[in-house]
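Down below is the structure, laid out as structure tokens.
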Amino acid sequence: MNDALPPAYTFIDQPGQLAPLLAALERVDEVALDTEADNMYHYRTRVCLLQFLVAGEIFLVDVLAPLPLSPLWEKLATKHLLMHGSDFDLRLLSDLCQFRPRSIFDTMLAAQLLNRQRIGLAALLEQHFGLQLDKDGQKANWSKRPLSRDLLDYAALDVWHLPALRDILTRELAQLDRLHWLDQQCQRQIESGLLGFPQDDENDWRIGKSERLRGRGLGVLHAVWHWREDRARELDVPPFKVCSGDLLINIAFAAEDGDSVESILGKVNLGKRHARLAPSLASALRQGIGRDAQTLPRRRRSDLAPLTPAEVALQDRIKADRDRIAASLALEPTLIANRAQLALIARDPAKLDAILLPWQADLLRGQPSLASD
């Protein structure tokens, strides 16, 4: 295996440096694009770097620099984008500037439709080009400035091989007559990206096995979850860097079992970095123990009634058909229809085309489970 060698690139962090990128975009119809964000290091995720491959030239754009990016978004919206694992990137860009691409080719979605067992970019580059990417970039703090040369080299490689990888995957998809499947998947990815990230919900605190809690453990979980959010916001770190969700659940179950605040705190290990948070955690625990569970936000009930026994039986038959088809096509079954979609189809088979993409619906249409419905 050969280590990946960084290609040449232009780093843009000053307003006057944008002109060559904008001029290059005028000359092409397709652009390879990737983003780097700081979701591993800050409470609110930000786009930190944009990577472009435009007609063989790589441009790395520092989004945290004071750059006038409106012309860039306008030009980019008219291009066909070549991306890998675009869901997170498109949601980020939608939240950042309401960006909507014209069309995309997602090499991760293509790999899924080819039943690749490893669909990450590093794995695909190793498989097809014998390249080994430096994994340090995956965990890097992309909001820290200045960006090191090693990180910029890593970022450049994320787009450099996408056209060649696209060509390989396109040929294989064409042989299987699945290119139209990919087109539909990519269009749905665009529509999903426009929704951005889910908004905060009053029931976000109901994590893990919280449905098993009945007494004061619910009040404690509500209190310590919000304690973690408040501390994460104050420290400007992701909540998991304050403490894990498993720890919150364990605290809640200990409270459910009747453990005292002192007993619970004696079992909690916040690490040396966050030991000073113990007093505020103790306060949250006492607040939660004293909370009447009846005053907590109620779970939103689904507008849909539970499936009837007949609908459950139909769902099982549809699932059996789906699994048989997936095996014959060497596909992951959930690519055809996931569990939630199976339930919706079982509830109303006439809505098959509204629930699934055309290629998915065509695979299930006329199968024994749906033939009589």
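By convention in this document, the chains of the structure tokens carry letters A, B, ... by their order, each chain's residues are numbered from 1, and ligands are numbered from 1 in the order they are shown.
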Looking only at the backbone, which of the residues in segment 10-105 of chain A does DSSP tag as strand (DSSP E or B), as a VMD selection string? chain A and resid 10 to 12 30 to 37 47 to 54 57 to 62 80 to 83 103 to 105
Quick one: residues within 12 Å of Leu307 of chain A, only C-alpha atoms counted, chain neighbours fewer than 2 positions away excluded, as number ranges by chain? A: 302, 304-305, 309-316, 340, 342-348
Given the selection you just returned, output its residues as a file containing N, CA and C atoms, formatted as a PDB file, in the first residue's frame.
ATOM      1  N   SER A 302     -48.129   9.506  18.558  1.00  0.00           N
ATOM      2  CA  SER A 302     -48.259   9.456  17.105  1.00  0.00           C
ATOM      3  C   SER A 302     -49.725   9.628  16.724  1.00  0.00           C
ATOM      4  N   LEU A 304     -50.882   8.236  14.333  1.00  0.00           N
ATOM      5  CA  LEU A 304     -51.276   6.955  13.753  1.00  0.00           C
ATOM      6  C   LEU A 304     -51.581   5.950  14.857  1.00  0.00           C
ATOM      7  N   ALA A 305     -52.662   5.232  14.690  1.00  0.00           N
ATOM      8  CA  ALA A 305     -52.998   4.165  15.631  1.00  0.00           C
ATOM      9  C   ALA A 305     -52.029   3.006  15.433  1.00  0.00           C
ATOM     10  N   PRO A 309     -53.619  -6.381  14.019  1.00  0.00           N
ATOM     11  CA  PRO A 309     -52.999  -7.698  13.787  1.00  0.00           C
ATOM     12  C   PRO A 309     -52.883  -8.044  12.313  1.00  0.00           C
ATOM     13  N   ALA A 310     -53.887  -7.690  11.528  1.00  0.00           N
ATOM     14  CA  ALA A 310     -53.833  -7.978  10.090  1.00  0.00           C
ATOM     15  C   ALA A 310     -52.728  -7.169   9.420  1.00  0.00           C
ATOM     16  N   GLU A 311     -52.548  -5.915   9.855  1.00  0.00           N
ATOM     17  CA  GLU A 311     -51.509  -5.073   9.267  1.00  0.00           C
ATOM     18  C   GLU A 311     -50.121  -5.551   9.678  1.00  0.00           C
ATOM     19  N   VAL A 312     -50.000  -6.011  10.905  1.00  0.00           N
ATOM     20  CA  VAL A 312     -48.714  -6.568  11.345  1.00  0.00           C
ATOM     21  C   VAL A 312     -48.359  -7.795  10.519  1.00  0.00           C
ATOM     22  N   ALA A 313     -49.352  -8.646  10.265  1.00  0.00           N
ATOM     23  CA  ALA A 313     -49.105  -9.838   9.448  1.00  0.00           C
ATOM     24  C   ALA A 313     -48.701  -9.446   8.032  1.00  0.00           C
ATOM     25  N   LEU A 314     -49.339  -8.409   7.495  1.00  0.00           N
ATOM     26  CA  LEU A 314     -48.985  -7.939   6.157  1.00  0.00           C
ATOM     27  C   LEU A 314     -47.580  -7.360   6.157  1.00  0.00           C
ATOM     28  N   GLN A 315     -47.239  -6.615   7.184  1.00  0.00           N
ATOM     29  CA  GLN A 315     -45.884  -6.065   7.288  1.00  0.00           C
ATOM     30  C   GLN A 315     -44.840  -7.178   7.276  1.00  0.00           C
ATOM     31  N   ASP A 316     -45.114  -8.266   7.968  1.00  0.00           N
ATOM     32  CA  ASP A 316     -44.174  -9.393   8.000  1.00  0.00           C
ATOM     33  C   ASP A 316     -44.033 -10.019   6.608  1.00  0.00           C
ATOM     34  N   ALA A 340     -39.720   1.589   9.284  1.00  0.00           N
ATOM     35  CA  ALA A 340     -40.815   2.555   9.330  1.00  0.00           C
ATOM     36  C   ALA A 340     -41.596   2.555   8.020  1.00  0.00           C
ATOM     37  N   LEU A 342     -41.895   0.028   5.930  1.00  0.00           N
ATOM     38  CA  LEU A 342     -42.677  -1.208   5.864  1.00  0.00           C
ATOM     39  C   LEU A 342     -44.000  -1.056   6.613  1.00  0.00           C
ATOM     40  N   ALA A 343     -43.953  -0.408   7.773  1.00  0.00           N
ATOM     41  CA  ALA A 343     -45.171  -0.207   8.555  1.00  0.00           C
ATOM     42  C   ALA A 343     -46.160   0.680   7.818  1.00  0.00           C
ATOM     43  N   LEU A 344     -45.651   1.734   7.179  1.00  0.00           N
ATOM     44  CA  LEU A 344     -46.541   2.630   6.431  1.00  0.00           C
ATOM     45  C   LEU A 344     -47.185   1.921   5.247  1.00  0.00           C
ATOM     46  N   ILE A 345     -46.414   1.081   4.576  1.00  0.00           N
ATOM     47  CA  ILE A 345     -46.965   0.336   3.436  1.00  0.00           C
ATOM     48  C   ILE A 345     -48.014  -0.649   3.913  1.00  0.00           C
ATOM     49  N   ALA A 346     -47.730  -1.329   5.023  1.00  0.00           N
ATOM     50  CA  ALA A 346     -48.696  -2.296   5.555  1.00  0.00           C
ATOM     51  C   ALA A 346     -49.993  -1.610   5.959  1.00  0.00           C
ATOM     52  N   ARG A 347     -49.893  -0.374   6.433  1.00  0.00           N
ATOM     53  CA  ARG A 347     -51.080   0.375   6.840  1.00  0.00           C
ATOM     54  C   ARG A 347     -51.932   0.770   5.627  1.00  0.00           C
ATOM     55  N   ASP A 348     -51.244   1.116   4.526  1.00  0.00           N
ATOM     56  CA  ASP A 348     -51.981   1.546   3.329  1.00  0.00           C
ATOM     57  C   ASP A 348     -51.163   1.209   2.088  1.00  0.00           C
TER      58      ASP A 348
END
Considering only C-alpha atoms, can you say which of A:Leu152, A:Leu18, A:Asp158, A:Val28 comes closest to Gly85 of chain A?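 That would be A:Asp158, the residue with the smallest distance to Gly85 of chain A.
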Polymer residues at most 12 Å from Ala232 of chain A, only C-alpha atoms, same-chain spacing of 4 or more positions, as an NGL selection string: :A and (41-44 or 225-228 or 236-244 or 274 or 277)
Writing out the chosen residues with N, CA and C atoms as a JSON list (two decimals), in the first residue's frame:
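As written to disk, part-v5.json reads:
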[["chain", "number", "residue", "atom", "x", "y", "z"],
["A", 41, "TYR", "N", -15.72, 19.51, 18.58],
["A", 41, "TYR", "CA", -15.02, 20.40, 19.49],
["A", 41, "TYR", "C", -15.86, 21.55, 20.04],
["A", 42, "HIS", "N", -17.01, 21.83, 19.44],
["A", 42, "HIS", "CA", -17.80, 22.96, 19.89],
["A", 42, "HIS", "C", -19.27, 22.57, 20.05],
["A", 43, "TYR", "N", -19.97, 23.37, 20.84],
["A", 43, "TYR", "CA", -21.38, 23.07, 21.13],
["A", 43, "TYR", "C", -22.24, 23.21, 19.87],
["A", 44, "ARG", "N", -22.06, 24.29, 19.14],
["A", 44, "ARG", "CA", -22.77, 24.51, 17.89],
["A", 44, "ARG", "C", -21.84, 24.23, 16.72],
["A", 225, "TRP", "N", -29.85, 15.72, 32.23],
["A", 225, "TRP", "CA", -29.66, 15.95, 30.78],
["A", 225, "TRP", "C", -29.56, 17.44, 30.51],
["A", 226, "HIS", "N", -30.45, 18.22, 31.11],
["A", 226, "HIS", "CA", -30.39, 19.67, 30.91],
["A", 226, "HIS", "C", -29.16, 20.26, 31.60],
["A", 227, "TRP", "N", -28.73, 19.67, 32.72],
["A", 227, "TRP", "CA", -27.48, 20.10, 33.33],
["A", 227, "TRP", "C", -26.32, 19.93, 32.36],
["A", 228, "ARG", "N", -26.27, 18.78, 31.69],
["A", 228, "ARG", "CA", -25.19, 18.53, 30.74],
["A", 228, "ARG", "C", -25.25, 19.53, 29.58],
["A", 236, "ASP", "N", -18.61, 25.51, 25.74],
["A", 236, "ASP", "CA", -18.53, 25.46, 24.27],
["A", 236, "ASP", "C", -17.86, 24.17, 23.81],
["A", 237, "VAL", "N", -18.44, 23.06, 24.28],
["A", 237, "VAL", "CA", -17.99, 21.74, 23.85],
["A", 237, "VAL", "C", -19.22, 20.90, 23.53],
["A", 238, "PRO", "N", -19.07, 19.84, 22.74],
["A", 238, "PRO", "CA", -20.20, 18.94, 22.52],
["A", 238, "PRO", "C", -20.63, 18.31, 23.84],
["A", 239, "PRO", "N", -21.92, 18.04, 24.05],
["A", 239, "PRO", "CA", -22.38, 17.46, 25.31],
["A", 239, "PRO", "C", -21.63, 16.19, 25.71],
["A", 240, "PHE", "N", -21.25, 15.36, 24.73],
["A", 240, "PHE", "CA", -20.59, 14.11, 25.10],
["A", 240, "PHE", "C", -19.24, 14.35, 25.76],
["A", 241, "LYS", "N", -18.67, 15.55, 25.59],
["A", 241, "LYS", "CA", -17.39, 15.85, 26.23],
["A", 241, "LYS", "C", -17.57, 16.30, 27.68],
["A", 242, "VAL", "N", -18.79, 16.57, 28.09],
["A", 242, "VAL", "CA", -19.07, 16.79, 29.51],
["A", 242, "VAL", "C", -19.20, 15.45, 30.19],
["A", 243, "CYS", "N", -20.06, 14.60, 29.66],
["A", 243, "CYS", "CA", -20.17, 13.22, 30.12],
["A", 243, "CYS", "C", -21.00, 12.45, 29.11],
["A", 244, "SER", "N", -20.94, 11.16, 29.18],
["A", 244, "SER", "CA", -21.63, 10.32, 28.20],
["A", 244, "SER", "C", -23.11, 10.19, 28.51],
["A", 274, "HIS", "N", -13.34, 17.79, 34.50],
["A", 274, "HIS", "CA", -14.69, 18.28, 34.83],
["A", 274, "HIS", "C", -15.06, 18.05, 36.29],
["A", 277, "LEU", "N", -17.34, 20.35, 38.07],
["A", 277, "LEU", "CA", -18.77, 20.37, 37.74],
["A", 277, "LEU", "C", -19.60, 19.59, 38.74]]
Between A:Leu90, A:Leu81, A:Leu352, A:Ala337, single out the one closest to Ser103 of chain A, counting only C-alpha atoms. A:Leu81
Residues at most 8 Å from Gln184 of chain A, counting only C-alpha atoms, excluding those fewer than 5 positions away in the same chain, as a ChimeraX atom specification? /A:357-359
Do a neighbour search on segment 192-204 of chain A at 12 Å with only C-alpha atoms, toss out local chain neighbours closer than 3 positions, and write the hits as an mmCIF file with N, CA and C atoms, in the first residue's frame.
data_model
loop_
_atom_site.group_PDB
_atom_site.id
_atom_site.type_symbol
_atom_site.label_atom_id
_atom_site.label_comp_id
_atom_site.auth_asym_id
_atom_site.auth_seq_id
_atom_site.Cartn_x
_atom_site.Cartn_y
_atom_site.Cartn_z
ATOM 1 N N ARG A 44 -22.058 24.287 19.145
ATOM 2 C CA ARG A 44 -22.771 24.506 17.888
ATOM 3 C C ARG A 44 -21.840 24.229 16.719
ATOM 4 N N THR A 45 -22.246 23.339 15.847
ATOM 5 C CA THR A 45 -21.407 22.961 14.718
ATOM 6 C C THR A 45 -21.297 24.090 13.711
ATOM 7 N N GLY A 85 -20.720 10.983 0.922
ATOM 8 C CA GLY A 85 -21.425 11.102 2.191
ATOM 9 C C GLY A 85 -21.980 12.501 2.369
ATOM 10 N N SER A 86 -22.797 12.936 1.419
ATOM 11 C CA SER A 86 -23.192 14.344 1.333
ATOM 12 C C SER A 86 -24.245 14.768 2.345
ATOM 13 N N ASP A 87 -24.896 13.842 3.024
ATOM 14 C CA ASP A 87 -26.018 14.203 3.882
ATOM 15 C C ASP A 87 -25.626 15.255 4.919
ATOM 16 N N PHE A 88 -24.577 15.000 5.679
ATOM 17 C CA PHE A 88 -24.136 15.941 6.705
ATOM 18 C C PHE A 88 -23.716 17.266 6.084
ATOM 19 N N ASP A 89 -22.966 17.205 4.979
ATOM 20 C CA ASP A 89 -22.494 18.425 4.321
ATOM 21 C C ASP A 89 -23.655 19.281 3.830
ATOM 22 N N LEU A 90 -24.642 18.653 3.190
ATOM 23 C CA LEU A 90 -25.764 19.416 2.658
ATOM 24 C C LEU A 90 -26.593 20.041 3.768
ATOM 25 N N ARG A 91 -26.745 19.338 4.879
ATOM 26 C CA ARG A 91 -27.471 19.926 6.013
ATOM 27 C C ARG A 91 -26.697 21.109 6.598
ATOM 28 N N LEU A 92 -25.386 20.965 6.688
ATOM 29 C CA LEU A 92 -24.557 22.060 7.171
ATOM 30 C C LEU A 92 -24.705 23.293 6.282
ATOM 31 N N LEU A 93 -24.609 23.089 4.978
ATOM 32 C CA LEU A 93 -24.666 24.209 4.051
ATOM 33 C C LEU A 93 -26.064 24.810 3.977
ATOM 34 N N SER A 94 -27.075 23.995 4.169
ATOM 35 C CA SER A 94 -28.439 24.519 4.212
ATOM 36 C C SER A 94 -28.620 25.426 5.414
ATOM 37 N N ASP A 95 -28.112 24.985 6.566
ATOM 38 C CA ASP A 95 -28.207 25.815 7.771
ATOM 39 C C ASP A 95 -27.364 27.074 7.655
ATOM 40 N N LEU A 96 -26.209 26.959 6.986
ATOM 41 C CA LEU A 96 -25.285 28.087 6.885
ATOM 42 C C LEU A 96 -25.827 29.183 5.978
ATOM 43 N N CYS A 97 -26.328 28.802 4.810
ATOM 44 C CA CYS A 97 -26.700 29.830 3.827
ATOM 45 C C CYS A 97 -27.863 29.410 2.940
ATOM 46 N N GLN A 98 -28.668 28.461 3.409
ATOM 47 C CA GLN A 98 -29.819 27.979 2.640
ATOM 48 C C GLN A 98 -29.398 27.501 1.249
ATOM 49 N N PHE A 99 -28.227 26.850 1.192
ATOM 50 C CA PHE A 99 -27.702 26.391 -0.087
ATOM 51 C C PHE A 99 -28.443 25.154 -0.574
ATOM 52 N N ARG A 100 -28.777 25.147 -1.859
ATOM 53 C CA ARG A 100 -29.388 23.987 -2.500
ATOM 54 C C ARG A 100 -28.632 23.694 -3.792
ATOM 55 N N PRO A 101 -28.058 22.492 -3.925
ATOM 56 C CA PRO A 101 -27.341 22.167 -5.165
ATOM 57 C C PRO A 101 -28.304 21.841 -6.303
ATOM 58 N N ILE A 104 -26.419 16.198 -7.606
ATOM 59 C CA ILE A 104 -25.215 15.644 -6.988
ATOM 60 C C ILE A 104 -24.983 14.213 -7.483
ATOM 61 N N GLN A 185 -31.793 8.356 -5.492
ATOM 62 C CA GLN A 185 -31.244 8.463 -4.138
ATOM 63 C C GLN A 185 -30.622 9.845 -3.915
ATOM 64 N N CYS A 186 -29.897 10.327 -4.899
ATOM 65 C CA CYS A 186 -29.224 11.618 -4.778
ATOM 66 C C CYS A 186 -30.232 12.761 -4.696
ATOM 67 N N GLN A 187 -31.301 12.678 -5.479
ATOM 68 C CA GLN A 187 -32.318 13.723 -5.420
ATOM 69 C C GLN A 187 -32.979 13.749 -4.045
ATOM 70 N N ARG A 188 -33.246 12.573 -3.495
ATOM 71 C CA ARG A 188 -33.820 12.528 -2.151
ATOM 72 C C ARG A 188 -32.829 13.092 -1.132
ATOM 73 N N GLN A 189 -31.544 12.851 -1.337
ATOM 74 C CA GLN A 189 -30.531 13.401 -0.432
ATOM 75 C C GLN A 189 -30.567 14.926 -0.444
ATOM 76 N N ILE A 207 -33.453 9.749 26.447
ATOM 77 C CA ILE A 207 -32.402 9.025 25.731
ATOM 78 C C ILE A 207 -32.320 7.580 26.213
ATOM 79 N N GLY A 208 -31.601 6.775 25.456
ATOM 80 C CA GLY A 208 -31.290 5.410 25.882
ATOM 81 C C GLY A 208 -32.517 4.619 26.281
ATOM 82 N N SER A 210 -34.682 5.224 28.601
ATOM 83 C CA SER A 210 -35.512 6.057 29.479
ATOM 84 C C SER A 210 -36.949 5.559 29.562
ATOM 85 N N GLU A 211 -37.396 4.813 28.554
ATOM 86 C CA GLU A 211 -38.782 4.325 28.588
ATOM 87 C C GLU A 211 -39.006 3.342 29.733
ATOM 88 N N LEU A 218 -37.124 9.461 36.191
ATOM 89 C CA LEU A 218 -37.470 10.319 35.060
ATOM 90 C C LEU A 218 -37.142 11.775 35.367
ATOM 91 N N LEU A 221 -33.358 12.154 35.241
ATOM 92 C CA LEU A 221 -32.824 12.163 33.877
ATOM 93 C C LEU A 221 -33.088 13.506 33.209
ATOM 94 N N HIS A 222 -34.304 14.025 33.361
ATOM 95 C CA HIS A 222 -34.640 15.332 32.797
ATOM 96 C C HIS A 222 -33.691 16.401 33.332
ATOM 97 N N TRP A 225 -29.847 15.719 32.226
ATOM 98 C CA TRP A 225 -29.660 15.948 30.782
ATOM 99 C C TRP A 225 -29.557 17.444 30.514
ATOM 100 N N HIS A 226 -30.447 18.219 31.111
ATOM 101 C CA HIS A 226 -30.391 19.668 30.914
ATOM 102 C C HIS A 226 -29.163 20.264 31.598
ATOM 103 N N GLU A 229 -26.460 19.804 29.071
ATOM 104 C CA GLU A 229 -26.590 20.771 27.982
ATOM 105 C C GLU A 229 -26.093 22.156 28.417
ATOM 106 N N GLY A 245 -23.883 9.846 27.496
ATOM 107 C CA GLY A 245 -25.286 9.561 27.708
ATOM 108 C C GLY A 245 -25.494 8.356 28.602
ATOM 109 N N LEU A 296 -43.427 16.606 33.948
ATOM 110 C CA LEU A 296 -42.448 16.580 32.857
ATOM 111 C C LEU A 296 -43.144 16.667 31.502
ATOM 112 N N PRO A 297 -42.427 17.143 30.474
ATOM 113 C CA PRO A 297 -43.015 17.171 29.130
ATOM 114 C C PRO A 297 -43.501 15.784 28.724
ATOM 115 N N ARG A 298 -44.689 15.743 28.147
ATOM 116 C CA ARG A 298 -45.266 14.478 27.737
ATOM 117 C C ARG A 298 -44.705 14.039 26.387
ATOM 118 N N ARG A 299 -44.581 12.742 26.237
ATOM 119 C CA ARG A 299 -44.203 12.220 24.920
ATOM 120 C C ARG A 299 -45.292 12.574 23.923
ATOM 121 N N ARG A 300 -44.873 12.960 22.739
ATOM 122 C CA ARG A 300 -45.866 13.212 21.689
ATOM 123 C C ARG A 300 -46.391 11.887 21.167
ATOM 124 N N ARG A 301 -47.672 11.754 21.221
ATOM 125 C CA ARG A 301 -48.280 10.531 20.713
ATOM 126 C C ARG A 301 -48.405 10.612 19.200
#
Pick from A:Ala278, A:Ala65, A:Ala55, A:Tyr9: nearest to Arg145 of chain A, with only C-alpha atoms counted? A:Ala65
State, in Å with one decimal place, the distance from atom CA of Ile355 of chain A to atom CA of Ala371 of chain A. 17.3 Å
Polymer residues at most 10 Å from segment 117-125 of chain A, only C-alpha atoms, same-chain spacing of 4 or more positions, as a list in words: Ala4, His84, Gly85, Thr107, Met108, Leu109, Ala110, Ala111, Gln112, Phe129, Gly130, Leu131, Gln132, Leu133, Asp134, Lys135, Leu157, Asp158, Val159, His161, Leu162, Ala164, Leu165 and Glu332 of chain A
